[in-house]
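Here is the file coords_37.cif (mmCIF, C-alpha atoms and all ligand atoms).
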data_coords
#
loop_
_atom_site.group_PDB
_atom_site.id
_atom_site.type_symbol
_atom_site.label_atom_id
_atom_site.label_comp_id
_atom_site.auth_asym_id
_atom_site.auth_seq_id
_atom_site.Cartn_x
_atom_site.Cartn_y
_atom_site.Cartn_z
ATOM 1 C CA MET A 1 150.720 -34.810 55.051
ATOM 2 C CA LYS A 2 150.369 -33.526 58.577
ATOM 3 C CA GLU A 3 147.065 -33.648 60.365
ATOM 4 C CA LEU A 4 145.098 -30.443 60.115
ATOM 5 C CA ASP A 5 146.764 -27.910 62.341
ATOM 6 C CA GLN A 6 143.598 -26.996 64.125
ATOM 7 C CA ASN A 7 140.912 -28.354 66.285
ATOM 8 C CA VAL A 8 137.630 -27.589 64.583
ATOM 9 C CA LYS A 9 136.125 -26.699 67.931
ATOM 10 C CA THR A 10 138.574 -23.835 68.491
ATOM 11 C CA LEU A 11 139.131 -20.898 66.204
ATOM 12 C CA PRO A 12 142.813 -20.284 65.495
ATOM 13 C CA SER A 13 144.506 -16.985 66.292
ATOM 14 C CA TRP A 14 147.466 -15.081 64.871
ATOM 15 C CA ARG A 15 150.915 -15.798 66.275
ATOM 16 C CA GLY A 16 151.993 -12.217 65.744
ATOM 17 C CA ASP A 17 155.041 -12.518 63.498
ATOM 18 C CA GLY A 18 155.177 -12.664 59.710
ATOM 19 C CA LYS A 19 152.593 -11.683 57.143
ATOM 20 C CA LYS A 20 149.098 -12.712 58.039
ATOM 21 C CA VAL A 21 147.615 -15.369 55.756
ATOM 22 C CA LEU A 22 144.083 -16.595 56.421
ATOM 23 C CA ILE A 23 143.070 -19.867 54.781
ATOM 24 C CA LEU A 24 139.364 -20.660 54.826
ATOM 25 C CA ALA A 25 138.464 -24.275 54.143
ATOM 26 C CA THR A 26 134.859 -24.050 53.042
ATOM 27 C CA SER A 27 133.935 -27.682 52.497
ATOM 28 C CA PRO A 28 132.177 -29.300 55.439
ATOM 29 C CA ARG A 29 134.168 -32.491 54.677
ATOM 30 C CA GLU A 30 137.089 -32.526 57.089
ATOM 31 C CA ASN A 31 140.315 -33.782 55.501
ATOM 32 C CA GLY A 32 138.559 -33.792 52.146
ATOM 33 C CA ASN A 33 140.130 -32.737 48.877
ATOM 34 C CA SER A 34 139.807 -28.976 49.121
ATOM 35 C CA HIS A 35 140.855 -29.235 52.729
ATOM 36 C CA LEU A 36 144.074 -31.000 51.716
ATOM 37 C CA LEU A 37 144.780 -28.258 49.192
ATOM 38 C CA ALA A 38 144.201 -25.707 51.952
ATOM 39 C CA GLN A 39 146.494 -27.612 54.282
ATOM 40 C CA SER A 40 149.256 -27.732 51.651
ATOM 41 C CA LEU A 41 148.981 -24.005 51.041
ATOM 42 C CA TYR A 42 149.126 -23.474 54.791
ATOM 43 C CA GLU A 43 152.329 -25.511 55.014
ATOM 44 C CA GLY A 44 153.887 -23.506 52.163
ATOM 45 C CA ALA A 45 152.954 -20.274 53.924
ATOM 46 C CA LEU A 46 154.541 -21.483 57.153
ATOM 47 C CA GLU A 47 157.702 -22.464 55.241
ATOM 48 C CA ALA A 48 157.894 -18.860 54.034
ATOM 49 C CA LYS A 49 157.578 -17.762 57.675
ATOM 50 C CA HIS A 50 154.191 -16.195 57.180
ATOM 51 C CA ASP A 51 151.816 -16.000 60.112
ATOM 52 C CA ALA A 52 149.317 -18.425 58.593
ATOM 53 C CA VAL A 53 146.074 -19.663 60.088
ATOM 54 C CA ILE A 54 143.712 -22.224 58.644
ATOM 55 C CA THR A 55 140.172 -22.923 59.669
ATOM 56 C CA MET A 56 137.076 -24.670 58.440
ATOM 57 C CA ILE A 57 134.083 -22.394 58.391
ATOM 58 C CA SER A 58 131.200 -24.848 58.561
ATOM 59 C CA PRO A 59 131.442 -25.423 62.359
ATOM 60 C CA TYR A 60 131.219 -21.664 62.964
ATOM 61 C CA VAL A 61 129.196 -20.005 60.247
ATOM 62 C CA LEU A 62 125.822 -21.574 60.846
ATOM 63 C CA GLN A 63 123.324 -18.989 59.677
ATOM 64 C CA LEU A 64 122.428 -18.057 56.137
ATOM 65 C CA MET A 65 122.652 -14.451 55.035
ATOM 66 C CA ARG A 66 119.270 -12.741 55.397
ATOM 67 C CA TYR A 67 117.935 -9.280 54.736
ATOM 68 C CA CYS A 68 120.156 -7.282 57.117
ATOM 69 C CA GLY A 69 117.423 -4.731 57.796
ATOM 70 C CA ASP A 70 115.554 -7.448 59.674
ATOM 71 C CA CYS A 71 118.318 -8.665 61.951
ATOM 72 C CA ARG A 72 121.035 -6.067 62.539
ATOM 73 C CA ASP A 73 121.133 -4.541 66.055
ATOM 74 C CA GLU A 74 120.920 -0.812 66.945
ATOM 75 C CA GLU A 75 124.628 -0.371 66.210
ATOM 76 C CA GLY A 76 124.227 -2.068 62.870
ATOM 77 C CA ASN A 77 126.026 -5.232 63.945
ATOM 78 C CA CYS A 78 125.006 -8.564 62.516
ATOM 79 C CA GLY A 79 122.368 -10.090 64.756
ATOM 80 C CA LEU A 80 122.727 -13.664 63.539
ATOM 81 C CA GLN A 81 123.721 -16.076 66.282
ATOM 82 C CA ASP A 82 126.980 -17.711 65.228
ATOM 83 C CA ASP A 83 130.701 -16.999 64.975
ATOM 84 C CA PHE A 84 130.800 -15.307 61.579
ATOM 85 C CA SER A 85 131.491 -11.824 62.967
ATOM 86 C CA LYS A 86 134.217 -13.225 65.193
ATOM 87 C CA ILE A 87 135.969 -14.843 62.213
ATOM 88 C CA PHE A 88 135.496 -11.738 60.111
ATOM 89 C CA ARG A 89 136.750 -9.301 62.725
ATOM 90 C CA SER A 90 139.549 -11.287 64.342
ATOM 91 C CA LEU A 91 140.846 -13.158 61.294
ATOM 92 C CA TYR A 92 139.568 -11.750 58.004
ATOM 93 C CA GLN A 93 139.969 -8.024 58.665
ATOM 94 C CA PRO A 94 143.583 -8.189 59.872
ATOM 95 C CA ALA A 95 144.705 -10.723 57.226
ATOM 96 C CA GLU A 96 147.086 -9.537 54.516
ATOM 97 C CA ALA A 97 146.220 -12.481 52.294
ATOM 98 C CA VAL A 98 143.080 -14.602 52.193
ATOM 99 C CA VAL A 99 142.778 -17.931 50.428
ATOM 100 C CA PHE A 100 139.470 -19.705 49.950
ATOM 101 C CA ALA A 101 139.428 -23.450 49.389
ATOM 102 C CA THR A 102 136.222 -24.899 47.969
ATOM 103 C CA PRO A 103 134.924 -28.015 46.293
ATOM 104 C CA ILE A 104 133.037 -27.437 43.079
ATOM 105 C CA TRP A 105 129.373 -27.949 43.878
ATOM 106 C CA TRP A 106 126.999 -27.921 40.951
ATOM 107 C CA TYR A 107 129.503 -25.963 38.870
ATOM 108 C CA GLY A 108 129.802 -23.274 41.486
ATOM 109 C CA MET A 109 131.531 -22.678 44.802
ATOM 110 C CA SER A 110 130.311 -24.407 47.969
ATOM 111 C CA GLY A 111 127.245 -22.826 49.539
ATOM 112 C CA HIS A 112 129.361 -22.287 52.660
ATOM 113 C CA MET A 113 131.841 -20.159 50.751
ATOM 114 C CA LYS A 114 129.126 -18.200 48.994
ATOM 115 C CA ASN A 115 127.347 -17.573 52.282
ATOM 116 C CA PHE A 116 130.594 -16.422 53.889
ATOM 117 C CA LEU A 117 131.091 -13.911 51.086
ATOM 118 C CA ASP A 118 127.464 -12.795 51.322
ATOM 119 C CA ARG A 119 127.756 -12.194 55.033
ATOM 120 C CA ILE A 120 130.713 -9.869 54.525
ATOM 121 C CA SER A 121 128.174 -7.422 53.078
ATOM 122 C CA CYS A 122 126.643 -6.891 56.520
ATOM 123 C CA GLU A 123 130.029 -6.242 58.134
ATOM 124 C CA ILE A 124 131.037 -3.608 55.573
ATOM 125 C CA SER A 125 127.663 -1.921 55.361
ATOM 126 C CA ALA A 126 127.629 1.828 56.023
ATOM 127 C CA ARG A 127 124.763 1.075 58.420
ATOM 128 C CA ASN A 128 127.128 -0.967 60.573
ATOM 129 C CA LYS A 129 128.994 1.283 63.035
ATOM 130 C CA SER A 130 132.302 -0.376 62.158
ATOM 131 C CA GLY A 131 131.364 -0.928 58.508
ATOM 132 C CA ILE A 132 133.379 1.889 56.955
ATOM 133 C CA GLN A 133 136.547 0.788 58.696
ATOM 134 C CA ALA A 134 135.788 -2.845 57.833
ATOM 135 C CA LYS A 135 135.431 -1.949 54.167
ATOM 136 C CA GLN A 136 138.803 -0.208 54.231
ATOM 137 C CA ASP A 137 140.324 -3.238 55.895
ATOM 138 C CA ILE A 138 139.207 -5.745 53.302
ATOM 139 C CA ILE A 139 140.679 -3.798 50.396
ATOM 140 C CA GLY A 140 144.095 -4.684 49.025
ATOM 141 C CA LYS A 141 144.555 -8.189 50.387
ATOM 142 C CA LYS A 142 146.272 -10.788 48.239
ATOM 143 C CA MET A 143 143.647 -13.361 47.327
ATOM 144 C CA GLY A 144 143.961 -16.985 46.296
ATOM 145 C CA LEU A 145 141.542 -19.738 45.345
ATOM 146 C CA LEU A 146 141.823 -23.505 45.696
ATOM 147 C CA LEU A 147 139.324 -25.763 43.965
ATOM 148 C CA SER A 148 138.689 -29.481 44.125
ATOM 149 C CA ALA A 149 136.380 -31.278 41.747
ATOM 150 C CA GLU A 150 135.516 -34.646 40.334
ATOM 151 C CA GLU A 151 135.517 -33.457 36.737
ATOM 152 C CA SER A 152 138.766 -32.317 35.182
ATOM 153 C CA ASN A 153 136.904 -30.559 32.354
ATOM 154 C CA PHE A 154 138.460 -27.096 32.262
ATOM 155 C CA ALA A 155 135.145 -25.311 31.712
ATOM 156 C CA CYS A 156 133.828 -26.526 35.092
ATOM 157 C CA ARG A 157 136.019 -24.199 37.048
ATOM 158 C CA MET A 158 135.621 -21.136 34.857
ATOM 159 C CA PRO A 159 132.450 -19.731 36.478
ATOM 160 C CA ILE A 160 133.976 -19.850 39.958
ATOM 161 C CA VAL A 161 137.275 -18.380 38.860
ATOM 162 C CA ALA A 162 135.458 -15.645 36.921
ATOM 163 C CA GLN A 163 133.220 -14.806 39.884
ATOM 164 C CA PHE A 164 136.157 -14.722 42.260
ATOM 165 C CA ASN A 165 138.104 -12.578 39.822
ATOM 166 C CA GLU A 166 135.256 -10.067 39.688
ATOM 167 C CA LEU A 167 134.909 -9.799 43.440
ATOM 168 C CA CYS A 168 138.688 -9.360 43.774
ATOM 169 C CA ARG A 169 138.562 -6.605 41.161
ATOM 170 C CA HIS A 170 135.667 -4.940 42.951
ATOM 171 C CA LEU A 171 137.486 -5.090 46.280
ATOM 172 C CA ARG A 172 140.827 -4.070 44.737
ATOM 173 C CA CYS A 173 142.359 -7.264 46.021
ATOM 174 C CA PRO A 174 145.035 -8.743 43.757
ATOM 175 C CA PHE A 175 143.950 -12.269 42.773
ATOM 176 C CA VAL A 176 147.381 -13.862 42.824
ATOM 177 C CA GLY A 177 146.642 -17.442 41.940
ATOM 178 C CA HIS A 178 144.403 -20.440 41.820
ATOM 179 C CA VAL A 179 145.027 -24.166 41.961
ATOM 180 C CA SER A 180 142.615 -26.906 40.928
ATOM 181 C CA GLY A 181 142.949 -30.506 42.046
ATOM 182 C CA PHE A 182 140.871 -33.423 40.881
ATOM 183 C CA GLY A 183 139.433 -36.176 43.033
ATOM 184 C CA ASN A 184 136.157 -37.320 44.460
ATOM 185 C CA LEU A 185 136.850 -39.696 47.339
ATOM 186 C CA ARG A 186 138.142 -38.099 50.495
ATOM 187 C CA GLY A 187 141.830 -37.281 49.992
ATOM 188 C CA GLU A 188 141.924 -38.518 46.404
ATOM 189 C CA VAL A 189 143.335 -35.216 45.236
ATOM 190 C CA SER A 190 146.724 -36.423 46.480
ATOM 191 C CA LYS A 191 146.754 -38.874 43.555
ATOM 192 C CA ASP A 192 146.274 -36.163 40.932
ATOM 193 C CA PRO A 193 149.365 -36.538 38.700
ATOM 194 C CA LEU A 194 149.612 -32.771 38.159
ATOM 195 C CA ASP A 195 150.472 -32.479 41.850
ATOM 196 C CA PRO A 196 148.016 -29.758 42.904
ATOM 197 C CA LEU A 197 149.103 -30.199 46.518
ATOM 198 C CA GLY A 198 152.620 -29.188 45.478
ATOM 199 C CA SER A 199 151.249 -26.226 43.532
ATOM 200 C CA ALA A 200 149.135 -25.133 46.503
ATOM 201 C CA ARG A 201 152.157 -25.372 48.758
ATOM 202 C CA LYS A 202 154.147 -23.196 46.341
ATOM 203 C CA LEU A 203 151.307 -20.680 46.090
ATOM 204 C CA GLY A 204 151.259 -20.432 49.891
ATOM 205 C CA HIS A 205 154.981 -19.847 49.914
ATOM 206 C CA ASP A 206 154.954 -17.240 47.125
ATOM 207 C CA LEU A 207 151.704 -15.384 47.907
ATOM 208 C CA PHE A 208 153.370 -12.033 48.510
ATOM 209 C CA ASP A 209 155.876 -12.319 45.655
ATOM 210 C CA ILE A 210 153.319 -12.760 42.892
ATOM 211 C CA GLU A 211 152.354 -9.620 41.006
ATOM 212 C CA GLU A 212 148.893 -9.317 39.515
ATOM 213 C CA THR A 213 148.444 -6.750 36.774
ATOM 214 C CA ASP A 214 145.983 -4.646 34.845
ATOM 215 C CA TYR A 215 142.551 -5.513 36.142
ATOM 216 C CA GLU A 216 141.201 -2.655 38.198
ATOM 217 C CA LEU A 217 138.491 -1.114 36.087
ATOM 218 C CA ASP A 218 135.809 0.568 38.116
ATOM 219 C CA SER A 219 132.607 2.328 37.270
ATOM 220 C CA GLU A 220 130.633 4.525 39.626
ATOM 221 C CA ARG A 221 127.923 2.668 41.508
ATOM 222 C CA PRO A 222 125.490 5.019 43.192
ATOM 223 C CA HIS A 223 123.685 3.282 46.007
ATOM 224 C CA GLU A 224 120.347 4.078 44.408
ATOM 225 C CA VAL A 225 120.594 2.792 40.857
ATOM 226 C CA TRP A 226 117.928 4.971 39.202
ATOM 227 C CA SER A 227 118.876 8.217 40.915
ATOM 228 C CA VAL A 228 121.119 8.930 37.925
ATOM 229 C CA ASP A 229 120.042 9.036 34.316
ATOM 230 C CA ARG A 230 120.865 5.696 32.786
ATOM 231 C CA THR A 231 118.442 5.871 29.935
ATOM 232 C CA SER A 232 121.358 6.295 27.548
ATOM 233 C CA LEU A 233 122.370 2.704 28.250
ATOM 234 C CA PRO A 234 121.297 0.597 25.309
ATOM 235 C CA ASN A 235 118.780 -2.075 26.117
ATOM 236 C CA TYR A 236 121.187 -4.903 25.679
ATOM 237 C CA TRP A 237 123.251 -3.629 28.631
ATOM 238 C CA ARG A 238 120.301 -3.609 30.976
HETATM 239 C C1 LIG A 301 126.689 -31.189 46.412
HETATM 240 C C2 LIG A 301 127.836 -31.615 45.519
HETATM 241 C C3 LIG A 301 127.889 -31.138 44.234
HETATM 242 C C4 LIG A 301 128.975 -31.471 43.411
HETATM 243 N N1 LIG A 301 129.048 -30.949 42.169
HETATM 244 C C5 LIG A 301 130.119 -31.198 41.383
HETATM 245 C C6 LIG A 301 130.253 -30.591 40.123
HETATM 246 O O1 LIG A 301 129.402 -29.834 39.664
HETATM 247 N N2 LIG A 301 131.368 -30.859 39.390
HETATM 248 C C7 LIG A 301 132.354 -31.687 39.862
HETATM 249 O O2 LIG A 301 133.364 -31.851 39.185
HETATM 250 N N3 LIG A 301 132.263 -32.266 41.086
HETATM 251 C C8 LIG A 301 131.174 -32.047 41.851
HETATM 252 N N4 LIG A 301 131.082 -32.620 43.101
HETATM 253 C C9 LIG A 301 132.205 -33.434 43.595
HETATM 254 C C10 LIG A 301 133.161 -32.642 44.465
HETATM 255 O O3 LIG A 301 133.522 -31.413 43.860
HETATM 256 C C11 LIG A 301 134.443 -33.417 44.701
HETATM 257 O O4 LIG A 301 134.158 -34.653 45.305
HETATM 258 C C12 LIG A 301 135.409 -32.627 45.561
HETATM 259 O O5 LIG A 301 136.701 -33.159 45.466
HETATM 260 C C13 LIG A 301 134.957 -32.639 47.011
HETATM 261 O O6 LIG A 301 135.818 -31.812 47.759
HETATM 262 P P1 LIG A 301 135.855 -31.915 49.357
HETATM 263 O O7 LIG A 301 136.415 -33.288 49.672
HETATM 264 O O8 LIG A 301 136.776 -30.828 49.773
HETATM 265 O O9 LIG A 301 134.481 -31.738 49.866
HETATM 266 C C14 LIG A 301 130.004 -32.319 43.907
HETATM 267 C C15 LIG A 301 129.898 -32.833 45.210
HETATM 268 C C16 LIG A 301 128.836 -32.485 46.024
HETATM 269 C C17 LIG A 301 128.753 -33.034 47.420
#
Output the file's structure in the form of structure tokens.
Ligand SMILES: Cc1cc2nc3c(=O)[nH]c(=O)nc-3n(C[C@H](O)[C@H](O)[C@H](O)COP(=O)(O)O)c2cc1C
Amino acid sequence: MKELDQNVKTLPSWRGDGKKVLILATSPRENGNSHLLAQSLYEGALEAKHDAVITMISPYVLQLMRYCGDCRDEEGNCGLQDDFSKIFRSLYQPAEAVVFATPIWWYGMSGHMKNFLDRISCEISARNKSGIQAKQDIIGKKMGLLLSAEESNFACRMPIVAQFNELCRHLRCPFVGHVSGFGNLRGEVSKDPLDPLGSARKLGHDLFDIEETDYELDSERPHEVWSVDRTSLPNYWR
């Protein structure tokens, strides 16, 4: 296993050739289990000659999502003081595939990953001057998910996979694969006999060859929920 191909103090940038694959390592534990999965996927993507970049987010995304009305500037830009917008605009928007790597924390994704996803809302808001373009840009990317956990119980990962699946559906981003690796100590995932590092590497290599099918149902979502008559919805759907 190579050392992480990045200095956590410097954000990576695209090389400019190959398909753009952004890998976000969302655990704050450097060289931890989800990080190793991310690194393996990164190596597979490089083998396939993709233009892959990997970065941790915890050194850069420091602020929690708030009520945007309180902190966006006159142009609608995020007013929080950290590098989230930089990552979103220079890496996330141009990426053709995005892979999130997260440890399971209390049967959910890491708070860092959840916060990253939450903060996308500000960037794609119609109140943000570049929001409409940003929303266009985040549609259609290939998406992948890497999980590390102590418990191998299958049910543990289902809520995260289901949530990720829903957000991919909503964003019309094909969810092309997920890999789970088990381990608790730093790096222990490399001992998992099902070889999740190998699977992550393969997923990175094959990201653009995998077809995802049949999950693009949409319903209309007016911005103001009660501006349309929804009284016909039975109570158990409310
Ligand atoms: C705050 C916290 C909550 C955790 N919750 C769970 C959990 O619900 N289920 C589980 O299997 N492991 C849980 N773990 C263990 C981690 O998922 C596991 O050690 C993982 O491999 C860590 O990945 P990392 O090295 O990338 O941080 C938790 C660890 C932490 C720090």
| task | Just say which residues the PyMOL selection byres (((chain A and resi 100) around 7) and not hetatm) picks in this file, as an MDAnalysis selection string. | result | chainID A and resid 23:25 98:99 101:102 144:146
Can you write just those residues out, C-alpha atoms, as a PDB file, in the coordinates of the input?
ATOM      1  CA  ILE A  23     143.070 -19.867  54.781  1.00  0.00           C
ATOM      2  CA  LEU A  24     139.364 -20.660  54.826  1.00  0.00           C
ATOM      3  CA  ALA A  25     138.464 -24.275  54.143  1.00  0.00           C
ATOM      4  CA  VAL A  98     143.080 -14.602  52.193  1.00  0.00           C
ATOM      5  CA  VAL A  99     142.778 -17.931  50.428  1.00  0.00           C
ATOM      6  CA  ALA A 101     139.428 -23.450  49.389  1.00  0.00           C
ATOM      7  CA  THR A 102     136.222 -24.899  47.969  1.00  0.00           C
ATOM      8  CA  GLY A 144     143.961 -16.985  46.296  1.00  0.00           C
ATOM      9  CA  LEU A 145     141.542 -19.738  45.345  1.00  0.00           C
ATOM     10  CA  LEU A 146     141.823 -23.505  45.696  1.00  0.00           C
TER      11      LEU A 146
END
Check: So which residues get picked by the PyMOL selection byres (((chain A and resi 190-205) around 6) and not hetatm) here, written as a list in words?
Finding: Leu37, Ser40, Leu41, Gly44, Ala45, Ala48, Gly181, Glu188, Val189, Asp206 and Leu207 of chain A
Hey, what's within 8 Å of Asn77 of chain A if we count all atoms listed in the file and toss same-chain stuff fewer than 3 positions away? As a short mmCIF file (atom, residue, chain, number, x, y, z; two decimals) with C-alpha atoms, in the frame of the given file, please?
data_model
loop_
_atom_site.label_atom_id
_atom_site.label_comp_id
_atom_site.auth_asym_id
_atom_site.auth_seq_id
_atom_site.Cartn_x
_atom_site.Cartn_y
_atom_site.Cartn_z
CA ARG A 72 121.04 -6.07 62.54
CA ASP A 73 121.13 -4.54 66.06
CA GLU A 74 120.92 -0.81 66.94
CA CYS A 122 126.64 -6.89 56.52
CA GLU A 123 130.03 -6.24 58.13
CA ASN A 128 127.13 -0.97 60.57
CA LYS A 129 128.99 1.28 63.04
#
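Of the listed residues A:Trp226, A:Trp14, A:Phe116, A:Tyr92, the one whose atoms come nearest to Ile139 of chain A is A:Tyr92, with distances taken using all atoms listed in the file.
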Q.
Using the chain letters and numbers from this file, what does the PyMOL selection byres (((chain A and resi 78-80) around 10) and not hetatm) select? Give the answer as a ChimeraX atom specification.
A. /A:61-66,68-77,81-85,119-120,122-123,128
